There are 2 protein chains.
Amino acid sequence: MVLADAGAGLRNETGIAVVLGILKQRFGESFQTGEAFRAQHTHTTTYIPGQLPDGVAFPETAGEISEIVRICSEHRVPIIPFGAGTSLEGHLNAPNGGISVDTSRMNRILKVNTEDLDCVVEPGVTREELNTYLRDTGLFFPIDPGANASIGGMASTRASGTNAVRYGTMRENVLALTVVTADGKEIHTGTRARKSSAGYDLTRLFVGSEGTLGIITSIALRLYGIPQKITAGVCPFPSIDNAVNAVIMTIQMGLPVARIELLDTAMVRGVNAYGGLDYPEMPLLFLEFHGTDAFAEEQAVTFGEIATEFDAGEFLWASEPEERNRLWKARHNAYFAGMAMRPGCTNITTDVCVPISRLTECIHETHRDIEESGLLAPIAGHVGDGNFHTMVMIDPNDPEEVRQGEAFVARLNERALSMEGTCTGEHGVGQGKQTSLRTEAGESLDVMRAIKRVLDPDNIMNPGKIFSI
Amino acid sequence: MVLADAGAGLRNETGIAVVLGILKQRFGESFQTGEAFRAQHTHTTTYIPGQLPDGVAFPETAGEISEIVRICSEHRVPIIPFGAGTSLEGHLNAPNGGISVDTSRMNRILKVNTEDLDCVVEPGVTREELNTYLRDTGLFFPIDPGANASIGGMASTRASGTNAVRYGTMRENVLALTVVTADGKEIHTGTRARKSSAGYDLTRLFVGSEGTLGIITSIALRLYGIPQKITAGVCPFPSIDNAVNAVIMTIQMGLPVARIELLDTAMVRGVNAYGGLDYPEMPLLFLEFHGTDAFAEEQAVTFGEIATEFDAGEFLWASEPEERNRLWKARHNAYFAGMAMRPGCTNITTDVCVPISRLTECIHETHRDIEESGLLAPIAGHVGDGNFHTMVMIDPNDPEEVRQGEAFVARLNERALSMEGTCTGEHGVGQGKQTSLRTEAGESLDVMRAIKRVLDPDNIMNPGKIFSI
């Protein structure tokens with residue numbers, strides 16, 4: 001059971017009581033302790049059970065965050081940063097109680113520098129809010145993890161999604177951060193310079209640290225020009241092998257594909273049933289190309305030629321938005337279609353990422369495992385990066401199903417590690433993947449722990465996530 | 001004087017004597033203490049005076065590096081990792097003596113995974129060796145800092161160079177490392193997966209840490225397909241403003257330019273004199289585009305249209321290698337042409353990087369400063385990233401010139417910081433930029449120092465670099 005890994009220890013009841021009193025007095029209505037607020041600020045998205053915080057603070061400035069951290073630090077009370085609540089591995093749980101710091105009121109876009117293709121935002125801004133705001137500038141922020149996550153949360157889990165193959169992940173797209181560390185000080189981890197060799201890369205250290213080293217108070221992000229033209233399409237393949245080999249050739253040729261997504265046959269059946277669609281029931285690749293008028297078309301044509309070499313069915317593509325959306329509908333619906341395949345159930349979403357040369361083998365062995373386990377587990381993948389998600393549908397109230405699902409995930413993670421991959425391409429470790437991380441990181445976990453201990457000696461910053469101390 | 005910042009302390013004479021004895025016995029001819037060897041393993045590339053190590057080890061395996069580190073650790077003797085000796089900020093100096101660990105015999109290319117577009121190399125492999133080896137695979141490693149640096153050294157200083165604007169820096173192109181840490185253990189910081197959210201980003205922590213946290217023993221790198229076609233050219237502009245504005249528009253349009261380099265008029269005069277060339281004596285942009293046959297040409301044509309909007313002279317471009325090299329000759333010669341402008345002198349090479357919207361202003365103020373100081377200091381810049389180098393030519397034996405040069409650099413670095421930039425885009429801090437780093441990093445320097453202290457409690461890994469402890 002994953003929570004055995006959550007580092008749950010004794011609650012500091014005295015400290016928590018004192019802090020609740022201080023924060024209530026200091027923040028009034030901006031600090032809530034009611035059950036409903038607390039229940040909204042725990043893990044809610046997967047089968048991992050929620051563990052409620054003792055109170056929820058709604059700071060509006062970095063100064064207020066700093067104040068909250070100093071109060072919690074003095075009384076050794078845990079702090080759990082909260083963005084939009086869309087994380088998948090129990091990041092928002094409070095195994096030892098403590099204070100959820102909800103950043104949703106810190107949702108200002110502080111600056112957009114159109115000439116520099118960058119912006120500075122507060123952590124509570126969601127990616128959709130940012131792109132809506134940017135619309136008139138001709139720029140956009142490409143990272144798209146599916147959910148309308150907050151930028152702070154995306155930075156904290158090193159999120160990515162469908163177009164990482166072209167634009168990178170939060171690792172590549174965060175220029176700099178300001179962060180309140182465990183002692184309540186606010187530091188800046190870099191400048192707006194595009195590149196820098198000025199000392200340790202603290203920006204990258206905090207990106208992906210899941211709130212365990214500090215609370216992000218602002219983020220400088222790279223932006224990109226909205227492409228002159230977008231082409232998008234869908235292409236059926238006779239087998240996973242053929243689809244993945246087409247992806248490999250596409251990438252080897254240097255075709256700068258913006259998105260290249262795989263649905264396996266089980267997922268295609270699901271989306272057909274969910275949306276009344278009639279995609280051929282075979283592995284599908286969904287593609288998107290960005291460029292000038294000529295180049296966006298050239299890329300689609302070139303991909304069509306590659307697909308033919310791998311015995312694909314017809315590659316349907318278009319550049320008109322309505323038609324593009326129609327072609328991509330199955331991919332957009334995949335999550336909900338997966339959920340609808342077994343109503344009333346919840347899911348364990350896996351997140352392995354392997355070198356693309358091992359992807360076919362990894363998916364085949366996983367399919368075999370699914371069949372032998374009798375699980376319902378359709379697959380959707382960001383195959384350009386070698387990253388795929390298996391939606392393992394389970395009844396969370398059936399301990400045997402939970403055990404089976406967890407055992408399947410453990411096997412899948414080990415399989416990915418044996419293929420020089422990682423147990424998590426973009427979701428993070430949280431509470432759910434700590435056992436796999438121990439295997440994956442080996443002795444480097446001691447280095448991570450040493451850094452955690454020196455930067456957060458009292459273990460108040462999102463304790464019990466990534467690893468137990 | 002920069003060495004005031006080098007953290008020079010007392011030499012541990014007893015420990016050094018013991019370690020010299022042990023290493024001599026253990027490594028025989030693979031450990032050298034002669035003056036010539038020691039002089040070759042100190043800083044030699046700029047005006048910063050060399051500080052010799054006490055001995056030079058030539059390990060051939062990670063196991064041998066681990067052994068050396070354990071011996072030095074036991075006796076608290078400094079270790080200075082050495083790649084190809086091309087760094088510019090005194091990274092190789094031994095202010096407190098100690099052992100230079102020369103990785104040049106660790107020059108094996110361990111694996112090339114053509115389907116995954118990656119490879120794994122030992123730290124002593126140089127970038128030219130790697131690209132020669134890769135030639136038949138259709139792949140290449142793009143990072144080009146000018147010098148034929150070692151991959152280990154490039155990772156350690158977070159190097160980049162002319163085509164970072166398209167392919168990123170070592171930050172983006174190192175997939176994973178193995179590192180021997182200060183306790184002699186070898187850890188791996190990641191896998192070959194293209195992306196990962198598995199805990200703290202130790203890869204990025206070690207990249208750019210200048211050997212102060214450990215010695216890199218292998219590097220997994222991203223590779224890229226050799227483009228079907230390369231076009232390249234040169235274009236004169238009536239002013240720095242016009243040239244930089246053309247760069248800004250190029251990038252805003254999303255044109256994926258592979259290189260976009262600026263020489264100022266002083267540098268153009270230098271290269272004309274040096275090479276008997278006749279470039280127009282005005283700011284020049286050198287460009288290179290990678291792509292399919294059609295797209296590499298389309299990009300050049302599009303840039304030509306942009307250049308016209310900014311009153312450029314004729315944009316000469318070509319796709320034949322000989323003609324491309326002829327057009328780019330001035331850029332290739334810039335370093336030597338700069339050196340030849342004042343024979344017998346050495347240089348201080350600056351390395352600021354600012355948001356591109358501030359680049360024109362930064363160069364103008366720097367030109368004014370050069371004029372007022374009476375310095376000879378031509379400029380060459382990786383303008384797509386906002387990064388430029390001023391080659392300040394000085395007589396290292398004239399203390400007044402050194403003082404003047406250092407004062408100029410300090411002003412330039414402050415100017416860059418005031419424009420939300422960094423004092424070092426790609427060269428690193430070493431001994432030379434510690435004062436500027438203090439201003440730039442502010443309180444985040446305490447976080448860097450805390451990490452250093454916990455991972456290297458005896459301060460044996462390249463002490464006196466980046467900051468003093």
# chains A, B, ... in the order shown; residues from 1 in each chain; ligands from 1

$ interface_residues --of "chain B" --to "chain A" --cutoff "7 Å" --atoms "only C-alpha atoms" --output "number ranges by chain"
B: 115-116, 157-158, 172, 187-189, 191-201, 204-205, 208-209, 225, 248, 252-254, 295, 353-357, 385, 420-422, 424-429, 437, 443-444, 448, 450-451, 454, 466

$ atom_distance --atom1 "CA of Val121 in chain A" --atom2 "CA of Ala220 in chain A"
6.5 Å

$ residues_around --residues "Thr33 in chain A" --least-positions-apart "6" --cutoff "12 Å" --atoms "only C-alpha atoms" --output "list of chain:residue names"
A:Ile16, A:Ala17, A:Val19, A:Leu20, A:Gly21, A:Leu23, A:Lys24, A:Phe27, A:Ala39, A:Gln40, A:His41, A:Leu52, A:Pro53, A:Asp54, A:Gly55, A:Val56, A:Ala57, A:Phe58, A:Gly97, A:Gly98, A:Ile99, A:Ser100

$ write_last_selection --atoms "C-alpha atoms" --output "mmCIF file, in the first residue's frame"
data_model
loop_
_atom_site.group_PDB
_atom_site.id
_atom_site.type_symbol
_atom_site.label_atom_id
_atom_site.label_comp_id
_atom_site.auth_asym_id
_atom_site.auth_seq_id
_atom_site.Cartn_x
_atom_site.Cartn_y
_atom_site.Cartn_z
ATOM 1 C CA ILE A 16 -0.439 22.433 15.049
ATOM 2 C CA ALA A 17 -2.812 23.832 17.685
ATOM 3 C CA VAL A 19 -0.191 27.525 14.519
ATOM 4 C CA LEU A 20 -3.935 27.192 13.861
ATOM 5 C CA GLY A 21 -4.535 29.857 16.488
ATOM 6 C CA LEU A 23 -2.943 31.875 11.509
ATOM 7 C CA LYS A 24 -6.640 32.312 12.304
ATOM 8 C CA PHE A 27 -5.362 35.870 8.350
ATOM 9 C CA ALA A 39 -11.228 17.999 2.001
ATOM 10 C CA GLN A 40 -10.780 20.104 -1.136
ATOM 11 C CA HIS A 41 -7.107 20.501 -0.328
ATOM 12 C CA LEU A 52 -6.427 16.135 5.157
ATOM 13 C CA PRO A 53 -4.426 19.158 6.275
ATOM 14 C CA ASP A 54 -5.481 20.908 9.502
ATOM 15 C CA GLY A 55 -6.051 24.259 7.882
ATOM 16 C CA VAL A 56 -5.886 26.018 4.532
ATOM 17 C CA ALA A 57 -4.223 29.413 4.051
ATOM 18 C CA PHE A 58 -4.935 31.631 1.049
ATOM 19 C CA GLY A 97 -1.271 17.105 9.192
ATOM 20 C CA GLY A 98 -0.210 20.707 8.806
ATOM 21 C CA ILE A 99 -1.134 23.716 6.726
ATOM 22 C CA SER A 100 -2.127 23.645 3.057
#

$ closest_residue --among "A:Thr350, A:Pro78, A:Thr14, A:His43" --to "Met461 in chain A" --atoms "only C-alpha atoms"
A:Pro78

$ residues_around --residues "Pro396 in chain A" --least-positions-apart "6" --cutoff "8 Å" --atoms "only C-alpha atoms" --output "list of chain:residue names"
A:Tyr47, A:Cys345, A:Thr346, A:Val402
